[in-house]
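Right, one structure below, let's go through it.
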Amino acid sequence: MMSENNIKKGRFIVFEGLDGSGKSTQMNLLCDRLQRMGRTVYRTAEPTELTTGGLIRDALAGNYTRTPEELSALFLSDRIAHNVNPQNGIIKLLNDGIDVVCDRYYYSSFAYQGMDSDLDWVMAMNVNCPTITKPDVCFFIDVPSEIAKGRVDKRGAFLEIFEREESTLARIRQKYLEVFEKLKDDNIVIIPSDGTPEEVAEKVFANLPKA
Ligand code: TYD
């Protein structure tokens with residue numbers, strides 16, 4: 001009989017970075033490569049498309065002002081829903097042996113909300129939540145804030161609250177680096193985005209935990 005420990009679970013792979021860091025491109029390249037290798041991959045993102053994600057998007061657009069603590073709690077609630085959703089939640093997918101590739105996760109809450117509210121509180125409520133899965137790896141696609149801001153502006157899309165000032169992006173980058181120093185038990189890989197997308201993708205792939 002197979003014990004629960006013998007069941008092969010999918011990998012939970014998180015991408016983090018500033019807005020405009022190029023993480024979407026890296027996620028595309030990794031998902032394509034895993035699929036070519038015959039893996040079943042599920043790509044997802046936070047904030048989610050669930051009801052909680054909608055409340056968050058209103059705040060990010062600046063339509064509705066939220067305190068950093070309210071935002072932290074909304075992201076927490078969205079993250080729990082993202083994990084436990086019985087149809088396509090992270091916990092179910094991983095148990096089905098599917099690799100889950102997620103655009104942002106609790107590291108974003110630590111960097112973005114931790115910047116304006118109590119970082120230890122934000123970290124504790126996420127890390128200690130029993131239904132929030134710990135990632136197998138977090139890839140931080142690292143670019144200088146000037147480059148990130150340049151890319152965000154070039155998109156020509158409406159700017160969300162955290163994308164408006166280069167100085168905000170610079171503070172967020174510093175916060176990410178500070179948070180990573182505190183998380184020595186997490187598998188965090190900082191990837192300087194200083195080559196072609198394919199060269200950066202090779203560095204990501206080389207640091208992927210074994211299936
Ligand atoms: P983003 O990945 O930029 O989504 P989109 O490309 O659809 O705009 O994420 C939206 C914003 O949400 C981004 O500025 C980071 C922020 N964010 C937080 O502040 N805390 C969090 O916990 C998460 C997941 C995102």
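Ordered as shown in the structure tokens, chains take letters A, B, and onward, while each chain numbers its residues from 1 and ligands are numbered from 1 in the order shown.
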6 Å from ligand 1 is the threshold here; counting only C-alpha atoms and all ligand atoms, which polymer residues fall inside it? Answer as a PDB file with all heavy atoms, in the first residue's frame.
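Contents of pocket_37.pdb, freshly written:
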```
ATOM      1  N   ASP A  19       7.049  45.189 -10.640  1.00  0.00           N
ATOM      2  CA  ASP A  19       6.249  45.409 -11.838  1.00  0.00           C
ATOM      3  C   ASP A  19       7.254  45.806 -12.928  1.00  0.00           C
ATOM      4  O   ASP A  19       8.119  46.658 -12.681  1.00  0.00           O
ATOM      5  CB  ASP A  19       5.267  46.550 -11.586  1.00  0.00           C
ATOM      6  CG  ASP A  19       4.398  46.306 -10.354  1.00  0.00           C
ATOM      7  OD1 ASP A  19       4.857  46.627  -9.236  1.00  0.00           O
ATOM      8  OD2 ASP A  19       3.303  45.777 -10.506  1.00  0.00           O
ATOM      9  N   GLU A  46      -1.529  35.927  -8.450  1.00  0.00           N
ATOM     10  CA  GLU A  46      -2.179  36.712  -7.398  1.00  0.00           C
ATOM     11  C   GLU A  46      -1.957  38.189  -7.698  1.00  0.00           C
ATOM     12  O   GLU A  46      -0.860  38.551  -8.132  1.00  0.00           O
ATOM     13  CB  GLU A  46      -1.600  36.348  -6.027  1.00  0.00           C
ATOM     14  CG  GLU A  46      -1.957  34.937  -5.627  1.00  0.00           C
ATOM     15  CD  GLU A  46      -1.591  34.601  -4.176  1.00  0.00           C
ATOM     16  OE1 GLU A  46      -1.074  35.485  -3.458  1.00  0.00           O
ATOM     17  OE2 GLU A  46      -1.830  33.458  -3.783  1.00  0.00           O
ATOM     18  N   PRO A  47      -2.961  39.056  -7.462  1.00  0.00           N
ATOM     19  CA  PRO A  47      -4.292  38.728  -6.994  1.00  0.00           C
ATOM     20  C   PRO A  47      -5.028  37.816  -7.978  1.00  0.00           C
ATOM     21  O   PRO A  47      -4.769  37.854  -9.177  1.00  0.00           O
ATOM     22  CB  PRO A  47      -4.982  40.095  -6.866  1.00  0.00           C
ATOM     23  CG  PRO A  47      -4.177  41.036  -7.694  1.00  0.00           C
ATOM     24  CD  PRO A  47      -2.787  40.507  -7.681  1.00  0.00           C
ATOM     25  N   PHE A  75      -5.241  40.479   0.727  1.00  0.00           N
ATOM     26  CA  PHE A  75      -4.322  39.566   0.033  1.00  0.00           C
ATOM     27  C   PHE A  75      -4.256  38.223   0.756  1.00  0.00           C
ATOM     28  O   PHE A  75      -4.179  37.173   0.118  1.00  0.00           O
ATOM     29  CB  PHE A  75      -2.921  40.181  -0.083  1.00  0.00           C
ATOM     30  CG  PHE A  75      -2.744  41.088  -1.273  1.00  0.00           C
ATOM     31  CD1 PHE A  75      -2.527  42.446  -1.120  1.00  0.00           C
ATOM     32  CD2 PHE A  75      -2.787  40.590  -2.568  1.00  0.00           C
ATOM     33  CE1 PHE A  75      -2.366  43.291  -2.227  1.00  0.00           C
ATOM     34  CE2 PHE A  75      -2.617  41.421  -3.682  1.00  0.00           C
ATOM     35  CZ  PHE A  75      -2.411  42.770  -3.505  1.00  0.00           C
ATOM     36  N   ARG A 104       3.538  35.884  -8.453  1.00  0.00           N
ATOM     37  CA  ARG A 104       3.443  36.529  -7.134  1.00  0.00           C
ATOM     38  C   ARG A 104       2.772  35.627  -6.103  1.00  0.00           C
ATOM     39  O   ARG A 104       1.858  34.888  -6.406  1.00  0.00           O
ATOM     40  CB  ARG A 104       2.667  37.859  -7.183  1.00  0.00           C
ATOM     41  CG  ARG A 104       3.282  38.899  -8.084  1.00  0.00           C
ATOM     42  CD  ARG A 104       2.609  40.259  -7.862  1.00  0.00           C
ATOM     43  NE  ARG A 104       3.176  41.275  -8.727  1.00  0.00           N
ATOM     44  CZ  ARG A 104       4.319  41.912  -8.470  1.00  0.00           C
ATOM     45  NH1 ARG A 104       4.971  41.644  -7.366  1.00  0.00           N
ATOM     46  NH2 ARG A 104       4.786  42.805  -9.298  1.00  0.00           N
ATOM     47  N   TYR A 105       3.235  35.779  -4.851  1.00  0.00           N
ATOM     48  CA  TYR A 105       2.674  35.016  -3.728  1.00  0.00           C
ATOM     49  C   TYR A 105       2.951  35.810  -2.461  1.00  0.00           C
ATOM     50  O   TYR A 105       3.085  37.048  -2.526  1.00  0.00           O
ATOM     51  CB  TYR A 105       3.322  33.627  -3.715  1.00  0.00           C
ATOM     52  CG  TYR A 105       2.573  32.583  -2.920  1.00  0.00           C
ATOM     53  CD1 TYR A 105       1.244  32.264  -3.209  1.00  0.00           C
ATOM     54  CD2 TYR A 105       3.186  31.898  -1.863  1.00  0.00           C
ATOM     55  CE1 TYR A 105       0.568  31.296  -2.486  1.00  0.00           C
ATOM     56  CE2 TYR A 105       2.515  30.922  -1.140  1.00  0.00           C
ATOM     57  CZ  TYR A 105       1.204  30.622  -1.455  1.00  0.00           C
ATOM     58  OH  TYR A 105       0.533  29.659  -0.746  1.00  0.00           O
ATOM     59  N   TYR A 106       3.160  35.138  -1.310  1.00  0.00           N
ATOM     60  CA  TYR A 106       3.247  35.947  -0.085  1.00  0.00           C
ATOM     61  C   TYR A 106       4.485  36.839  -0.019  1.00  0.00           C
ATOM     62  O   TYR A 106       4.493  37.827   0.710  1.00  0.00           O
ATOM     63  CB  TYR A 106       3.062  35.151   1.190  1.00  0.00           C
ATOM     64  CG  TYR A 106       3.826  33.889   1.481  1.00  0.00           C
ATOM     65  CD1 TYR A 106       5.186  33.735   1.208  1.00  0.00           C
ATOM     66  CD2 TYR A 106       3.161  32.836   2.119  1.00  0.00           C
ATOM     67  CE1 TYR A 106       5.855  32.561   1.548  1.00  0.00           C
ATOM     68  CE2 TYR A 106       3.822  31.657   2.469  1.00  0.00           C
ATOM     69  CZ  TYR A 106       5.162  31.526   2.178  1.00  0.00           C
ATOM     70  OH  TYR A 106       5.823  30.371   2.519  1.00  0.00           O
ATOM     71  N   SER A 108       5.254  38.923  -2.194  1.00  0.00           N
ATOM     72  CA  SER A 108       4.773  40.248  -2.615  1.00  0.00           C
ATOM     73  C   SER A 108       4.129  40.977  -1.443  1.00  0.00           C
ATOM     74  O   SER A 108       4.315  42.183  -1.281  1.00  0.00           O
ATOM     75  CB  SER A 108       3.742  40.129  -3.747  1.00  0.00           C
ATOM     76  OG  SER A 108       4.354  39.879  -4.979  1.00  0.00           O
ATOM     77  N   SER A 109       3.362  40.245  -0.642  1.00  0.00           N
ATOM     78  CA  SER A 109       2.758  40.894   0.541  1.00  0.00           C
ATOM     79  C   SER A 109       3.848  41.401   1.479  1.00  0.00           C
ATOM     80  O   SER A 109       3.733  42.480   2.058  1.00  0.00           O
ATOM     81  CB  SER A 109       1.866  39.920   1.309  1.00  0.00           C
ATOM     82  OG  SER A 109       0.685  39.648   0.602  1.00  0.00           O
ATOM     83  N   TYR A 112       5.521  44.507  -0.527  1.00  0.00           N
ATOM     84  CA  TYR A 112       4.656  45.656  -0.842  1.00  0.00           C
ATOM     85  C   TYR A 112       3.905  46.147   0.400  1.00  0.00           C
ATOM     86  O   TYR A 112       3.876  47.346   0.670  1.00  0.00           O
ATOM     87  CB  TYR A 112       3.656  45.312  -1.954  1.00  0.00           C
ATOM     88  CG  TYR A 112       4.255  45.209  -3.342  1.00  0.00           C
ATOM     89  CD1 TYR A 112       5.075  44.141  -3.706  1.00  0.00           C
ATOM     90  CD2 TYR A 112       3.999  46.170  -4.317  1.00  0.00           C
ATOM     91  CE1 TYR A 112       5.605  44.036  -4.982  1.00  0.00           C
ATOM     92  CE2 TYR A 112       4.529  46.067  -5.597  1.00  0.00           C
ATOM     93  CZ  TYR A 112       5.329  45.005  -5.927  1.00  0.00           C
ATOM     94  OH  TYR A 112       5.860  44.907  -7.197  1.00  0.00           O
ATOM     95  N   GLN A 113       3.274  45.225   1.148  1.00  0.00           N
ATOM     96  CA  GLN A 113       2.545  45.670   2.340  1.00  0.00           C
ATOM     97  C   GLN A 113       3.504  45.867   3.517  1.00  0.00           C
ATOM     98  O   GLN A 113       3.298  46.755   4.345  1.00  0.00           O
ATOM     99  CB  GLN A 113       1.436  44.667   2.723  1.00  0.00           C
ATOM    100  CG  GLN A 113       0.166  44.780   1.882  1.00  0.00           C
ATOM    101  CD  GLN A 113       0.378  44.440   0.419  1.00  0.00           C
ATOM    102  OE1 GLN A 113       0.808  43.338   0.096  1.00  0.00           O
ATOM    103  NE2 GLN A 113       0.114  45.385  -0.468  1.00  0.00           N
ATOM    104  N   PHE A 162       1.205  51.092  -7.044  1.00  0.00           N
ATOM    105  CA  PHE A 162       2.624  50.839  -6.749  1.00  0.00           C
ATOM    106  C   PHE A 162       3.537  51.109  -7.953  1.00  0.00           C
ATOM    107  O   PHE A 162       4.752  51.015  -7.831  1.00  0.00           O
ATOM    108  CB  PHE A 162       2.823  49.400  -6.262  1.00  0.00           C
ATOM    109  CG  PHE A 162       2.124  49.107  -4.966  1.00  0.00           C
ATOM    110  CD1 PHE A 162       1.098  48.171  -4.890  1.00  0.00           C
ATOM    111  CD2 PHE A 162       2.484  49.778  -3.800  1.00  0.00           C
ATOM    112  CE1 PHE A 162       0.445  47.902  -3.689  1.00  0.00           C
ATOM    113  CE2 PHE A 162       1.840  49.523  -2.592  1.00  0.00           C
ATOM    114  CZ  PHE A 162       0.811  48.586  -2.543  1.00  0.00           C
TER     115      PHE A 162
END
```
Listing only residues of range 44-161 of chain A within 12 Å of range 168-192 of chain A, what is the closest atom pair and its distance in Å (to one decimal) for each, using only C-alpha atoms, sorted by chain and residue number ascending, as CSV?
```
residue,atom,partner,partner_atom,distance
A:Tyr106,CA,A:Val179,CA,10.9
A:Tyr107,CA,A:Tyr176,CA,7.4
A:Ser108,CA,A:Tyr176,CA,7.9
A:Ser109,CA,A:Tyr176,CA,9.7
A:Phe110,CA,A:Val179,CA,6.9
A:Ala111,CA,A:Tyr176,CA,4.9
A:Tyr112,CA,A:Ile172,CA,6.0
A:Gln113,CA,A:Ile172,CA,9.2
A:Gly114,CA,A:Lys175,CA,7.5
A:Met115,CA,A:Lys175,CA,6.5
A:Asp116,CA,A:Ile172,CA,10.1
A:Ser117,CA,A:Lys175,CA,11.9
A:Leu119,CA,A:Val179,CA,8.7
A:Asp120,CA,A:Val179,CA,9.9
A:Val122,CA,A:Val179,CA,11.2
A:Met123,CA,A:Val179,CA,9.2
A:Ala124,CA,A:Leu183,CA,11.8
A:Val127,CA,A:Leu183,CA,10.5
A:Lys134,CA,A:Asp186,CA,8.3
A:Pro135,CA,A:Asn187,CA,7.9
A:Asp136,CA,A:Asn187,CA,6.5
A:Val137,CA,A:Asn187,CA,4.9
A:Cys138,CA,A:Ile188,CA,4.7
A:Phe139,CA,A:Val189,CA,4.9
A:Phe140,CA,A:Ile190,CA,4.8
A:Ile141,CA,A:Ile191,CA,5.1
A:Asp142,CA,A:Pro192,CA,4.8
A:Val143,CA,A:Pro192,CA,6.5
A:Pro144,CA,A:Ala170,CA,7.6
A:Ser145,CA,A:Ala170,CA,5.1
A:Glu146,CA,A:Ala170,CA,8.0
A:Ile147,CA,A:Leu169,CA,10.1
A:Ala148,CA,A:Leu169,CA,7.8
A:Lys149,CA,A:Leu169,CA,7.4
A:Gly150,CA,A:Leu169,CA,11.2
A:Val152,CA,A:Leu169,CA,10.7
A:Glu160,CA,A:Thr168,CA,11.7
A:Ile161,CA,A:Thr168,CA,9.4
```
Notebook entry, point to check: Using only C-alpha atoms, which residues sit within 10 Å of range 52-61 of chain A once same-chain residues fewer than 5 positions away are excluded, as a list in words?
Noted result: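 The neighbour list is Glu46, Pro47, Arg66, Thr67, Glu70, Leu71, Ser72, Leu74, Phe75, Leu76, Ser77, Asp78, Arg79, Ala81, His82, Phe158, Leu159, Glu160, Ile161, Phe162 and Glu163 of chain A.
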Check: Closest to Thr40 in chain A among A:Glu69, A:Asp96, A:Asp194, A:Asp118, using only C-alpha atoms?
Finding: A:Asp96
Next item on the list: Would you list the contacts of range 197-205 of chain A as a PyMOL selection string, taking every protein, DNA or RNA residue within 7 Å and counting only C-alpha atoms, but skipping same-chain residues closer than 2 positions in sequence?
Entry: chain A and resi 26+29-30+193+195+207-208
Got time to write the residues from that selection, N, CA and C atoms, as a short mmCIF file (atom, residue, chain, number, x, y, z; two decimals), in the first residue's frame?
```
data_model
loop_
_atom_site.label_atom_id
_atom_site.label_comp_id
_atom_site.auth_asym_id
_atom_site.auth_seq_id
_atom_site.Cartn_x
_atom_site.Cartn_y
_atom_site.Cartn_z
N GLN A 26 9.59 35.23 -18.25
CA GLN A 26 10.27 34.07 -17.66
C GLN A 26 9.28 32.96 -17.32
N LEU A 29 8.44 31.17 -20.57
CA LEU A 29 9.52 30.29 -21.04
C LEU A 29 9.58 29.02 -20.20
N LEU A 30 9.42 29.15 -18.87
CA LEU A 30 9.49 27.96 -18.02
C LEU A 30 8.28 27.04 -18.25
N SER A 193 18.43 39.83 -13.81
CA SER A 193 17.90 39.77 -15.18
C SER A 193 18.81 40.59 -16.09
N GLY A 195 20.71 39.33 -18.86
CA GLY A 195 21.08 38.75 -20.16
C GLY A 195 19.87 38.75 -21.07
N ASN A 207 18.02 26.08 -11.52
CA ASN A 207 17.72 26.12 -10.09
C ASN A 207 16.36 25.53 -9.72
N LEU A 208 15.77 24.84 -10.68
CA LEU A 208 14.46 24.26 -10.43
C LEU A 208 14.60 22.98 -9.59
#
```
Next item on the list: Among the residues of range 45-173 of chain A, find those DSSP assigns to alpha helix (DSSP H) from the backbone and print them as a ChimeraX atom specification.
Entry: /A:51-60,68-84,90-95,106-108,119-127,145-155,166-173
Checklist line | Given only C-alpha atoms as the counted atoms, nearest of A:Ile13, A:Val100, A:Arg151, A:Arg43 to Glu166 in chain A | finding: A:Arg151
Item checked: Pairwise distance for CA of Phe12 in chain A and CA of Cys31 in chain A, rounded to one decimal in Å -> 12.4 Å
Note to self: One number please: CA of Ile91 in chain A to CA of Leu18 in chain A, in Å, one decimal.
What the structure shows: 26.2 Å
Notebook entry, point to check: So which bits of range 22-159 of chain A end up strand (DSSP E or B) when you DSSP the backbone, as a list in words?
Noted result: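 Assigned to strand (DSSP E or B), within range 22-159 of chain A: Val41, Tyr42, Arg43, Thr44, Ala45, Asp99, Val100, Val101, Cys102, Asp103, Val137, Cys138, Phe139, Phe140, Ile141 and Asp142 of chain A.
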Margin query: Measuring between only C-alpha atoms, which one of A:Asn126, A:Asn83, A:Thr196, A:Thr133 shows the shortest distance to Thr48 in chain A?
Written below: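 Residue with the minimum atom-to-atom distance to Thr48 in chain A: A:Asn83.
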Checklist line | Which residue of A:Ile98, A:Tyr64, A:Ser21, A:Glu16 approaches Gln35 in chain A most closely, using only C-alpha atoms | finding: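 Going through A:Ile98, A:Tyr64, A:Ser21, A:Glu16 one by one, the smallest distance to Gln35 in chain A is for A:Ile98.
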Margin query: Between A:Met37, A:Asn88, A:Ala206, A:Ile80, which residue has the minimum interatomic distance to Asn128 in chain A, considering only C-alpha atoms?
Written below: A:Ile80
